[in-house]
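What follows is the content of start-v6.txt, which has compact mmCIF, C-alpha atoms:
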```txt
# COMPACT_ATOMS: atom_id res chain seq x y z
CA MET A 7 121.26 57.99 -41.52
CA THR A 8 122.85 61.09 -43.06
CA ALA A 9 120.99 61.48 -46.34
CA VAL A 10 118.34 63.93 -45.11
CA SER A 11 119.18 65.78 -41.91
CA ALA A 12 117.31 68.40 -39.96
CA PRO A 13 118.82 71.91 -39.91
CA SER A 14 121.08 72.71 -36.99
CA ALA A 15 122.93 75.67 -35.56
CA THR A 16 126.06 74.55 -37.39
CA THR A 17 127.06 77.14 -39.98
CA THR A 18 129.83 77.53 -42.51
CA SER A 19 131.15 80.11 -44.92
CA PHE A 20 132.26 77.51 -47.45
CA ASP A 21 130.39 76.73 -50.66
CA LEU A 22 130.23 72.96 -50.51
CA GLY A 23 126.85 72.49 -52.10
CA PRO A 24 124.30 70.65 -49.93
CA ALA A 25 126.90 69.77 -47.28
CA ARG A 26 125.74 71.19 -43.94
CA ALA A 27 128.23 69.96 -41.34
CA LEU A 28 130.59 67.19 -40.34
CA SER A 29 128.97 64.56 -38.15
CA CYS A 30 130.69 62.00 -35.94
CA ARG A 31 129.89 58.45 -36.98
CA GLU A 32 130.18 57.33 -33.34
CA CYS A 33 128.58 59.95 -31.09
CA GLY A 34 126.71 62.10 -33.63
CA HIS A 35 128.36 65.36 -32.53
CA GLU A 36 128.38 67.92 -35.33
CA THR A 37 131.11 70.37 -36.22
CA PRO A 38 131.22 73.07 -38.93
CA LEU A 39 132.58 72.14 -42.33
CA ALA A 40 136.37 72.28 -42.13
CA PRO A 41 139.47 70.20 -42.96
CA GLU A 42 138.83 67.89 -40.02
CA TYR A 43 138.48 64.12 -39.88
CA ALA A 44 138.24 63.20 -36.17
CA CYS A 45 135.56 64.17 -33.67
CA LEU A 46 136.77 66.51 -30.93
CA GLU A 47 134.34 64.92 -28.46
CA CYS A 48 135.14 61.20 -28.85
CA PHE A 49 137.82 61.01 -31.59
CA GLY A 50 135.44 59.04 -33.82
CA PRO A 51 135.60 59.50 -37.61
CA LEU A 52 133.68 62.34 -39.22
CA GLU A 53 131.49 62.20 -42.30
CA VAL A 54 129.50 64.77 -44.24
CA ALA A 55 125.91 65.56 -43.22
CA TYR A 56 123.58 67.25 -45.71
CA ASP A 57 120.49 69.33 -46.26
CA PHE A 58 119.66 68.16 -49.76
CA GLY A 59 116.44 69.96 -50.48
CA ARG A 60 114.58 68.74 -53.56
CA VAL A 61 116.58 66.55 -55.94
CA ARG A 62 114.92 65.37 -59.17
CA ARG A 63 115.85 62.66 -61.63
CA GLU A 64 115.41 64.99 -64.58
CA ASP A 65 117.89 67.49 -63.15
CA ILE A 66 120.48 64.76 -62.68
CA GLU A 67 119.87 63.35 -66.16
CA ALA A 68 120.37 66.81 -67.68
CA GLY A 69 123.84 67.05 -66.12
CA PRO A 70 127.23 66.20 -67.64
CA ARG A 71 128.34 62.63 -68.31
CA SER A 72 130.57 62.63 -65.25
CA ILE A 73 130.21 62.53 -61.47
CA TRP A 74 129.27 66.20 -61.58
CA ARG A 75 125.74 65.26 -62.67
CA TYR A 76 125.40 64.31 -58.97
CA ARG A 77 126.91 67.54 -57.62
CA GLY A 78 123.61 68.24 -55.82
CA LEU A 79 124.37 65.17 -53.68
CA LEU A 80 128.07 65.85 -53.07
CA PRO A 81 130.16 68.20 -50.88
CA VAL A 82 131.47 70.28 -53.79
CA PRO A 83 131.07 73.94 -54.83
CA SER A 84 128.22 74.86 -57.14
CA ASP A 85 130.73 75.91 -59.81
CA VAL A 86 132.80 72.70 -59.61
CA GLU A 87 132.69 72.13 -63.37
CA SER A 88 134.28 75.50 -64.12
CA HIS A 89 137.63 74.48 -62.59
CA PRO A 90 140.05 72.20 -64.47
CA ASN A 91 139.56 68.60 -63.33
CA THR A 92 139.67 65.13 -64.83
CA ASN A 93 135.84 64.81 -65.04
CA PRO A 94 135.67 61.23 -63.77
CA GLY A 95 132.65 58.95 -63.82
CA GLY A 96 130.11 58.02 -66.45
CA THR A 97 131.64 54.56 -66.81
CA ARG A 98 129.75 51.69 -68.38
CA LEU A 99 127.54 49.11 -66.70
CA VAL A 100 128.04 45.90 -68.68
CA GLU A 101 125.34 43.26 -68.99
CA ALA A 102 127.54 40.24 -68.30
CA ASP A 103 125.45 37.31 -69.53
CA ARG A 104 128.38 35.01 -70.35
CA LEU A 105 129.89 35.59 -66.91
CA ALA A 106 126.48 34.96 -65.34
CA LYS A 107 126.23 31.63 -67.16
CA ALA A 108 129.76 30.65 -66.05
CA LEU A 109 128.89 31.52 -62.45
CA GLY A 110 125.51 29.79 -62.59
CA VAL A 111 123.39 32.83 -61.76
CA ARG A 112 120.45 34.49 -63.48
CA LYS A 113 121.73 38.05 -63.99
CA VAL A 114 125.09 39.77 -63.56
CA TRP A 115 126.08 43.35 -64.30
CA VAL A 116 129.70 44.50 -64.22
CA LYS A 117 130.32 48.11 -63.22
CA ASP A 118 133.49 48.69 -65.22
CA ASP A 119 135.37 51.59 -63.64
CA THR A 120 138.51 50.91 -65.68
CA GLY A 121 137.19 53.59 -68.03
CA ASN A 122 138.01 56.45 -65.67
CA PRO A 123 140.81 58.93 -66.55
CA THR A 124 143.55 57.00 -64.69
CA HIS A 125 141.71 53.69 -65.07
CA SER A 126 140.33 53.22 -61.56
CA PHE A 127 137.49 54.39 -59.35
CA LYS A 128 139.96 56.53 -57.39
CA ASP A 129 139.44 59.33 -59.92
CA ARG A 130 135.97 59.74 -58.42
CA VAL A 131 137.08 60.26 -54.83
CA VAL A 132 140.01 62.48 -55.84
CA GLY A 133 137.72 64.64 -57.97
CA VAL A 134 135.53 65.37 -54.96
CA ALA A 135 138.54 65.80 -52.64
CA LEU A 136 140.20 68.30 -54.99
CA ALA A 137 137.02 70.34 -55.33
CA ALA A 138 136.57 70.48 -51.55
CA ALA A 139 140.27 71.15 -50.93
CA ARG A 140 140.19 74.12 -53.29
CA GLU A 141 137.22 75.59 -51.44
CA LEU A 142 138.87 74.92 -48.07
CA GLY A 143 141.98 76.86 -49.11
CA PHE A 144 144.58 74.13 -49.66
CA LYS A 145 147.40 74.53 -52.18
CA VAL A 146 148.96 71.05 -52.43
CA LEU A 147 147.24 67.73 -53.20
CA ALA A 148 148.76 64.74 -51.42
CA CYS A 149 148.11 61.15 -50.38
CA PRO A 150 149.48 57.88 -49.07
CA SER A 151 148.50 55.17 -51.54
CA THR A 152 148.54 51.51 -52.52
CA GLY A 153 148.74 52.61 -56.16
CA ASN A 154 145.48 53.64 -57.82
CA LEU A 155 145.06 56.68 -55.58
CA ALA A 156 148.62 57.73 -56.38
CA ASN A 157 147.79 57.73 -60.09
CA ALA A 158 144.58 59.70 -59.54
CA VAL A 159 146.10 62.34 -57.25
CA ALA A 160 149.10 62.96 -59.52
CA ALA A 161 146.86 63.31 -62.57
CA ALA A 162 144.26 65.51 -60.90
CA ALA A 163 146.92 67.83 -59.48
CA ALA A 164 148.59 68.12 -62.88
CA ARG A 165 145.28 68.95 -64.54
CA ALA A 166 144.47 71.55 -61.88
CA GLY A 167 147.95 73.10 -61.92
CA TRP A 168 148.58 72.09 -58.31
CA ARG A 169 151.69 70.68 -56.69
CA SER A 170 151.36 67.05 -55.60
CA VAL A 171 153.07 64.91 -52.96
CA VAL A 172 152.43 61.17 -53.25
CA LEU A 173 153.74 58.51 -50.87
CA VAL A 174 153.67 54.81 -51.81
CA PRO A 175 155.29 51.59 -50.57
CA SER A 176 158.51 50.88 -52.43
CA SER A 177 157.19 47.37 -53.18
CA LEU A 178 154.31 48.76 -55.27
CA GLU A 179 153.73 47.38 -58.77
CA GLN A 180 156.09 49.04 -61.23
CA ALA A 181 153.26 49.97 -63.59
CA LYS A 182 151.56 52.02 -60.88
CA ILE A 183 154.83 53.73 -59.95
CA LEU A 184 155.42 54.72 -63.58
CA MET A 185 151.81 55.83 -64.01
CA THR A 186 152.26 58.19 -61.07
CA ALA A 187 155.73 59.45 -61.97
CA VAL A 188 154.74 60.42 -65.51
CA TYR A 189 152.68 63.38 -64.21
CA ASP A 190 155.92 64.88 -62.85
CA GLY A 191 154.68 65.53 -59.31
CA ASN A 192 156.56 64.62 -56.15
CA LEU A 193 156.46 60.83 -55.91
CA ILE A 194 158.18 59.35 -52.86
CA THR A 195 158.59 55.60 -52.34
CA VAL A 196 158.77 54.44 -48.72
CA ASP A 197 160.31 51.28 -47.30
CA GLY A 198 157.35 49.67 -45.56
CA ASN A 199 153.77 48.60 -46.21
CA TYR A 200 150.73 50.83 -46.72
CA ASP A 201 150.01 51.13 -43.01
CA ASP A 202 153.55 52.49 -42.49
CA VAL A 203 153.03 54.95 -45.33
CA ASN A 204 149.68 56.04 -43.92
CA ARG A 205 151.18 56.80 -40.50
CA LEU A 206 153.86 58.89 -42.19
CA ALA A 207 151.21 60.82 -44.11
CA GLN A 208 149.35 61.64 -40.89
CA GLU A 209 152.55 63.08 -39.42
CA LEU A 210 153.13 65.22 -42.50
CA ALA A 211 149.51 66.38 -42.60
CA ALA A 212 149.87 67.71 -39.06
CA GLU A 213 153.04 69.62 -40.01
CA HIS A 214 151.90 71.11 -43.35
CA GLU A 215 148.59 72.92 -43.03
CA ASP A 216 148.33 73.74 -46.74
CA TRP A 217 148.73 70.09 -47.86
CA ALA A 218 145.42 68.37 -48.57
CA PHE A 219 146.06 64.69 -47.89
CA VAL A 220 142.94 63.48 -49.65
CA ASN A 221 142.46 60.37 -47.50
CA VAL A 222 143.63 61.96 -44.24
CA ASN A 223 142.73 65.58 -43.42
CA VAL A 224 140.05 65.91 -46.13
CA ARG A 225 138.92 62.29 -45.88
CA PRO A 226 135.24 63.05 -45.07
CA TYR A 227 134.86 64.84 -48.43
CA TYR A 228 137.05 62.42 -50.37
CA ALA A 229 135.08 59.39 -49.18
CA GLU A 230 131.82 60.85 -50.51
CA GLY A 231 133.13 60.42 -54.07
CA SER A 232 132.55 56.67 -53.79
CA LYS A 233 128.82 57.34 -53.53
CA THR A 234 128.82 58.14 -57.24
CA LEU A 235 129.39 54.45 -58.00
CA GLY A 236 126.11 53.66 -56.26
CA TYR A 237 124.31 56.56 -57.93
CA GLU A 238 125.49 55.50 -61.39
CA VAL A 239 124.56 51.86 -60.90
CA ALA A 240 121.03 52.81 -59.84
CA GLU A 241 120.58 55.31 -62.68
CA GLN A 242 121.99 52.91 -65.29
CA LEU A 243 119.57 50.22 -64.08
CA GLY A 244 116.69 52.59 -64.82
CA TRP A 245 116.54 54.24 -61.40
CA ARG A 246 116.29 51.09 -59.31
CA LEU A 247 118.52 49.20 -56.90
CA PRO A 248 120.08 45.79 -57.64
CA ASP A 249 119.22 42.83 -55.46
CA GLN A 250 122.85 42.35 -54.44
CA ILE A 251 126.23 43.95 -55.03
CA VAL A 252 129.78 42.66 -54.45
CA VAL A 253 132.36 45.29 -53.46
CA PRO A 254 136.13 44.86 -52.89
CA ILE A 255 137.38 45.94 -49.45
CA ALA A 256 140.60 47.90 -48.86
CA SER A 257 139.91 50.61 -46.25
CA GLY A 258 136.24 49.65 -46.52
CA SER A 259 135.10 53.16 -47.43
CA GLN A 260 133.89 52.22 -50.90
CA LEU A 261 131.50 49.61 -49.57
CA THR A 262 130.06 51.87 -46.88
CA LYS A 263 129.59 54.76 -49.32
CA VAL A 264 127.88 52.64 -51.97
CA ASP A 265 125.51 51.54 -49.22
CA LYS A 266 125.07 55.19 -48.22
CA ALA A 267 124.30 56.12 -51.83
CA PHE A 268 121.57 53.47 -52.08
CA ARG A 269 120.01 54.70 -48.83
CA GLU A 270 120.13 58.34 -49.93
CA LEU A 271 118.50 57.57 -53.27
CA GLY A 272 115.65 55.83 -51.47
CA GLU A 273 115.19 58.57 -48.88
CA LEU A 274 115.06 61.19 -51.64
CA ASP A 275 112.47 59.15 -53.60
CA LEU A 276 114.82 58.88 -56.57
CA VAL A 277 114.42 55.08 -56.43
CA GLU A 278 111.97 52.74 -54.77
CA GLN A 279 113.34 51.63 -51.40
CA THR A 280 113.65 47.96 -52.32
CA PRO A 281 115.78 45.56 -50.23
CA TYR A 282 119.38 45.03 -51.35
CA ARG A 283 122.27 42.99 -50.00
CA VAL A 284 125.89 44.16 -49.81
CA PHE A 285 128.74 41.64 -50.01
CA GLY A 286 132.39 42.36 -49.26
CA ALA A 287 135.42 40.81 -50.98
CA GLN A 288 138.96 40.48 -49.64
CA ALA A 289 142.14 38.60 -50.50
CA THR A 290 143.01 35.90 -47.96
CA GLY A 291 146.46 37.44 -47.49
CA CYS A 292 144.84 40.63 -46.19
CA SER A 293 141.40 39.75 -44.86
CA PRO A 294 140.94 41.34 -41.43
CA VAL A 295 137.33 42.35 -42.13
CA ALA A 296 136.39 38.95 -43.52
CA SER A 297 137.96 37.29 -40.48
CA ALA A 298 136.00 39.53 -38.09
CA TYR A 299 132.78 38.85 -39.97
CA LYS A 300 133.23 35.07 -39.92
CA ALA A 301 134.12 35.13 -36.22
CA GLY A 302 131.08 37.26 -35.38
CA HIS A 303 133.26 40.06 -34.02
CA ASP A 304 132.56 43.79 -34.10
CA VAL A 305 136.24 44.72 -33.81
CA VAL A 306 138.63 44.29 -36.75
CA THR A 307 142.08 43.08 -35.73
CA PRO A 308 144.89 44.49 -37.92
CA VAL A 309 147.03 42.11 -39.98
CA ARG A 310 150.25 42.35 -41.97
CA PRO A 311 149.31 42.10 -45.67
CA ASP A 312 150.71 39.33 -47.86
CA THR A 313 148.82 39.17 -51.15
CA ILE A 314 149.19 39.95 -54.85
CA ALA A 315 146.11 42.19 -54.52
CA ARG A 316 148.18 45.14 -53.37
CA SER A 317 145.51 47.75 -54.01
CA LEU A 318 143.48 46.01 -51.27
CA ALA A 319 146.47 45.44 -48.96
CA ILE A 320 145.43 47.64 -46.03
CA GLY A 321 146.01 45.70 -42.85
CA ALA A 322 144.22 48.17 -40.58
CA PRO A 323 141.13 49.25 -42.56
CA ALA A 324 139.68 52.47 -41.16
CA ASP A 325 136.11 51.64 -42.13
CA GLY A 326 136.27 47.99 -41.13
CA PRO A 327 133.68 48.18 -38.31
CA TYR A 328 131.29 50.16 -40.52
CA VAL A 329 131.66 47.56 -43.28
CA LEU A 330 130.56 44.92 -40.78
CA ASP A 331 127.55 47.05 -39.86
CA ALA A 332 126.50 47.60 -43.49
CA VAL A 333 126.91 43.95 -44.49
CA ARG A 334 125.03 42.63 -41.48
CA ARG A 335 122.23 45.21 -41.79
CA THR A 336 121.63 44.25 -45.43
CA ASN A 337 121.94 40.47 -44.81
CA GLY A 338 125.05 40.25 -46.95
CA ALA A 339 128.36 38.52 -46.19
CA ILE A 340 132.12 38.97 -46.45
CA GLU A 341 134.38 36.35 -48.00
CA ASP A 342 138.05 36.08 -48.91
CA VAL A 343 139.89 34.28 -51.71
CA THR A 344 143.43 33.02 -52.26
CA ASP A 345 145.88 34.55 -54.70
CA GLU A 346 145.34 31.61 -57.05
CA GLU A 347 141.60 32.26 -56.97
CA VAL A 348 142.29 35.95 -57.66
CA ILE A 349 144.18 35.06 -60.85
CA GLU A 350 141.39 32.74 -61.96
CA GLY A 351 138.87 35.53 -61.26
CA ILE A 352 140.82 37.87 -63.55
CA ARG A 353 140.93 35.25 -66.29
CA LEU A 354 137.26 34.31 -65.92
CA LEU A 355 136.12 37.91 -66.37
CA ALA A 356 138.49 38.41 -69.31
CA ARG A 357 137.48 35.31 -71.22
CA THR A 358 133.73 35.74 -70.67
CA GLU A 359 133.27 39.50 -71.01
CA GLY A 360 136.46 40.88 -72.54
CA ILE A 361 137.20 43.02 -69.45
CA PHE A 362 140.74 42.97 -68.06
CA ALA A 363 140.61 43.74 -64.35
CA GLU A 364 143.43 44.35 -61.93
CA THR A 365 143.89 42.03 -58.96
CA ALA A 366 141.15 43.81 -56.96
CA GLY A 367 138.72 42.89 -59.74
CA GLY A 368 139.94 39.32 -59.58
CA VAL A 369 139.12 39.37 -55.87
CA THR A 370 135.59 40.58 -56.61
CA VAL A 371 134.85 37.98 -59.28
CA ALA A 372 136.43 35.12 -57.35
CA THR A 373 134.58 36.12 -54.19
CA ALA A 374 131.27 36.22 -56.07
CA LYS A 375 131.97 32.71 -57.35
CA LYS A 376 132.77 31.48 -53.85
CA LEU A 377 129.65 33.12 -52.38
CA ILE A 378 127.48 31.48 -55.04
CA GLU A 379 129.02 28.06 -54.43
CA SER A 380 128.47 28.38 -50.68
CA GLY A 381 124.86 29.45 -51.14
CA GLN A 382 125.35 32.88 -49.58
CA LEU A 383 124.71 34.84 -52.77
CA ASP A 384 121.27 34.28 -54.32
CA PRO A 385 121.66 32.82 -57.84
CA ASP A 386 118.25 34.24 -58.81
CA GLY A 387 119.05 37.76 -57.63
CA GLU A 388 120.21 40.53 -59.95
CA THR A 389 123.87 40.97 -59.06
CA VAL A 390 126.31 43.85 -59.64
CA LEU A 391 130.08 43.33 -59.43
CA LEU A 392 132.30 46.38 -58.97
CA ILE A 393 135.45 46.24 -61.10
CA THR A 394 137.50 49.13 -59.84
CA GLY A 395 140.83 49.06 -61.71
CA ASP A 396 142.51 48.14 -64.99
CA GLY A 397 144.51 44.93 -65.38
CA LEU A 398 147.32 46.77 -67.16
CA LYS A 399 148.28 48.13 -63.74
CA THR A 400 148.96 44.71 -62.24
CA LEU A 401 150.57 42.71 -65.03
CA ASP A 402 153.24 41.49 -62.62
CA ALA A 403 150.64 39.43 -60.77
CA LEU A 404 150.01 37.28 -63.82
CA GLY A 405 153.70 36.36 -64.07
CA SER A 406 154.24 33.23 -66.14
CA ARG A 407 150.68 31.98 -65.64
CA ILE A 408 149.53 33.10 -69.10
CA GLY A 409 151.18 33.56 -72.49
CA PRO A 410 151.08 32.51 -76.14
CA ARG A 411 149.49 29.20 -77.05
CA ALA A 412 152.51 28.37 -79.18
CA ASN A 413 155.54 29.78 -81.01
CA VAL A 414 155.65 28.64 -84.65
CA PRO A 415 157.54 29.34 -87.88
CA PRO A 416 155.80 31.64 -90.40
CA SER A 417 153.61 29.03 -92.11
CA ALA A 418 149.88 28.37 -92.19
CA GLU A 419 150.51 24.66 -91.64
CA ALA A 420 152.37 25.38 -88.40
CA VAL A 421 149.57 27.63 -87.15
CA LEU A 422 146.90 25.03 -87.89
CA LYS A 423 148.94 22.32 -86.19
CA ALA A 424 149.35 24.50 -83.10
CA LEU A 425 145.60 25.06 -82.99
CA GLN A 426 145.02 21.30 -83.02
CA ASP A 427 147.43 20.51 -80.19
```
Could you write out this structure as structure tokens?
Amino acid sequence: MTAVSAPSATTTSFDLGPARALSCRECGHETPLAPEYACLECFGPLEVAYDFGRVRREDIEAGPRSIWRYRGLLPVPSDVESHPNTNPGGTRLVEADRLAKALGVRKVWVKDDTGNPTHSFKDRVVGVALAAARELGFKVLACPSTGNLANAVAAAAARAGWRSVVLVPSSLEQAKILMTAVYDGNLITVDGNYDDVNRLAQELAAEHEDWAFVNVNVRPYYAEGSKTLGYEVAEQLGWRLPDQIVVPIASGSQLTKVDKAFRELGELDLVEQTPYRVFGAQATGCSPVASAYKAGHDVVTPVRPDTIARSLAIGAPADGPYVLDAVRRTNGAIEDVTDEEVIEGIRLLARTEGIFAETAGGVTVATAKKLIESGQLDPDGETVLLITGDGLKTLDALGSRIGPRANVPPSAEAVLKALQD
């Protein structure tokens, strides 16, 4: 548990709010706040440990309609709002009754993060990473990305007046390439998959000390931004936790941080500590965590991605083992779905709730459907589905599968005939 930690001898000169230290997720060794991401004792991953003090609902509710209303729970400076940023968060929680009926469950909510500045949840994590990077003395914002992060980093850097360096696979969806390039930063396409790009970013991070690779050398701070999804869901539900939540898995960090957010809220008495179940969703063409879960393994074996859900196409997910821990601890499950099921998931959400999700959203919806049909997800439980990106980013995936009902001459008779066919 990291939500409420006892004081230690660890000190820092940085203003990163309630953040106290970096703590190893494997051995528990603590190190002062710094641009570090690996434990010097055992090489395990680091995450932020806090001394929160008193946090009240009314103080949060009086804050801005962005993730900064939760700044007292994040590793960001106290004056974070005074610096130019994209002010992400505050996205809607949709009561999805028609989707619930189609799925055969009692209650479904859709957390629609397509409303963020660059239309994905990545604006949240980049907002926190930029704030921490500024305090830590960096000058350049950078990342390896499967697409959404590229958009968010390029936009945030432009807004802040920073230089950006963004690395993406050359096979990335064209819409995401254009959405990154328009901010006029340094966009570099790389021949290879995301795991190749990520290795390249780690090399560059070691050579350029003033480059903040948000998901590499400032990853502990960046990852905390995903907690705001959990905070918002709980607050929007009237300060309570859902019975179950379905989260797409790429690196796995989002799932583990939503779980962390729920635990922190309970430990701080901001919500009642009711039981909840966390479910993970992957595409079959890149499902190393789902495969490990089904096999009962604790180790996640890397795979080579082959799926239309490119934003989830991380073959060696850094948080994979911690996803397994969170899912098993909460009595959840992890499932995967085919590309055809992904497309149907996109269409099901669109036709029932008028929300156009990218392929990752299709994975979430299709996985929820599969979990319900297999009896793993409780049809009587209140369920939240995380929709983390806009369908306009992945139009290529739909291909020729959808289109006009008919093409007719300009006459009412022709239209009516087409409607009858």
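With only C-alpha atoms as the atoms that count, the minimum distance from Leu274 (chain A) to the choices A:Leu184, A:Ala138, A:Leu79, A:Ala27 is reached by A:Leu79.
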Determine, using only C-alpha atoms, which residues of region 141-222 of chain A have any atom at most 9 Å from an atom of region 392-404 of chain A, and tabulate each with its shortest atom pair and distance in Å to one decimal place, rows ordered by chain and then rising number, as CSV.
```
residue,atom,partner,partner_atom,distance
A:Gly153,CA,A:Lys399,CA,8.8
A:Asn154,CA,A:Gly395,CA,7.6
A:Glu179,CA,A:Thr400,CA,6.5
A:Gln180,CA,A:Asp402,CA,8.2
A:Ala181,CA,A:Lys399,CA,5.3
A:Lys182,CA,A:Lys399,CA,5.8
A:Met185,CA,A:Lys399,CA,8.5
```
Excluding same-chain residues fewer than 3 positions from region 197-208 of chain A, what lies within 8 Å of it counting all atoms listed in the file, as a ChimeraX atom specification? /A:149-152,173-177,211-212,219,222,311,319-322
Could you dump the residues just selected with C-alpha atoms as a PDB file, in the frame of the given file?
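Written output follows (selection_23.pdb):
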```pdb
ATOM      1  CA  CYS A 149     148.110  61.150 -50.380  1.00  0.00           C
ATOM      2  CA  PRO A 150     149.480  57.880 -49.070  1.00  0.00           C
ATOM      3  CA  SER A 151     148.500  55.170 -51.540  1.00  0.00           C
ATOM      4  CA  THR A 152     148.540  51.510 -52.520  1.00  0.00           C
ATOM      5  CA  LEU A 173     153.740  58.510 -50.870  1.00  0.00           C
ATOM      6  CA  VAL A 174     153.670  54.810 -51.810  1.00  0.00           C
ATOM      7  CA  PRO A 175     155.290  51.590 -50.570  1.00  0.00           C
ATOM      8  CA  SER A 176     158.510  50.880 -52.430  1.00  0.00           C
ATOM      9  CA  SER A 177     157.190  47.370 -53.180  1.00  0.00           C
ATOM     10  CA  ALA A 211     149.510  66.380 -42.600  1.00  0.00           C
ATOM     11  CA  ALA A 212     149.870  67.710 -39.060  1.00  0.00           C
ATOM     12  CA  PHE A 219     146.060  64.690 -47.890  1.00  0.00           C
ATOM     13  CA  VAL A 222     143.630  61.960 -44.240  1.00  0.00           C
ATOM     14  CA  PRO A 311     149.310  42.100 -45.670  1.00  0.00           C
ATOM     15  CA  ALA A 319     146.470  45.440 -48.960  1.00  0.00           C
ATOM     16  CA  ILE A 320     145.430  47.640 -46.030  1.00  0.00           C
ATOM     17  CA  GLY A 321     146.010  45.700 -42.850  1.00  0.00           C
ATOM     18  CA  ALA A 322     144.220  48.170 -40.580  1.00  0.00           C
TER      19      ALA A 322
END
```
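Minimum atom-to-atom distance to Glu53 (chain A), evaluated using all atoms listed in the file, belongs to A:Thr262 out of A:Gln426, A:Thr290, A:Thr124, A:Thr262.
Rounded to one decimal, CA of Leu39 (chain A) and CA of Gly96 (chain A) lie 28.1 Å from each other.
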Expressed in Å, the length from CA of Thr37 (chain A) to CA of Arg77 (chain A) is 22.0 Å
Selected residue of minimal separation from Gly387 (chain A) among A:Ala372, A:Ala256, A:Ala240, A:Val111, counting only C-alpha atoms: A:Val111
Using all atoms listed in the file, which residues of region 103-173 of chain A come within 9 Å of region 352-366 of chain A, and what is the closest atom pair for each, with the distance in Å to one decimal? Give it as CSV, sorted by chain and residue number.
```
residue,atom,partner,partner_atom,distance
A:Asp103,CA,A:Glu359,CA,8.3
A:Arg104,CA,A:Thr358,CA,5.4
A:Leu105,CA,A:Thr358,CA,5.4
A:Ala108,CA,A:Thr358,CA,7.9
A:Asp118,CA,A:Ile361,CA,8.0
A:Thr120,CA,A:Ala363,CA,7.6
```
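Counting all atoms listed in the file, Leu109 (chain A) has the following residues at most 12 Å away, ignoring those fewer than 3 positions along the same chain: Ala102, Asp103, Arg104, Leu105, Ala106, Arg112, Lys113, Val114, Gly351, Leu354, Leu355, Thr358, Val371, Ala372, Thr373, Ala374, Lys375, Lys376, Leu377, Ile378, Glu379, Leu383, Asp384, Pro385, Asp386 and Thr389 of chain A.
Counting all atoms listed in the file and comparing A:Ile73, A:Leu99, A:Leu46, A:Ile66, the residue that lies closest to Gln242 (chain A) is A:Leu99.
Distance-wise, CA of Asp325 (chain A) and CA of Ser29 (chain A) end up 15.3 Å apart.
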Which polymer residues have any atom within 12 Å of an atom of Arg169 (chain A), counting only C-alpha atoms, with same-chain residues fewer than 3 positions away left out, as a PyMOL selection string? chain A and resi 136+144-149+159-166+172+189-193+216-218
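Here the question is which of A:Gly368, A:Gly291, A:Gly409, A:Pro90 gets nearest to Trp168 (chain A) using all atoms listed in the file, and that residue is A:Pro90.
Each of A:Ala324, A:Val253, A:Ala135, A:Leu276 was compared to Val86 (chain A) using only C-alpha atoms, and A:Ala135 turns out to be the nearest.
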May I have the residues within 7 Å of Tyr299 (chain A) as a ChimeraX atom specification, using all atoms listed in the file and disregarding those fewer than 4 positions away in the same chain? /A:295,303,330,340
Just the residues within 10 Å of Pro70 (chain A), please, counting only C-alpha atoms, with nothing from its chain fewer than 4 positions along; format it as number ranges by chain. A: 66, 74-76, 87, 93, 95-96
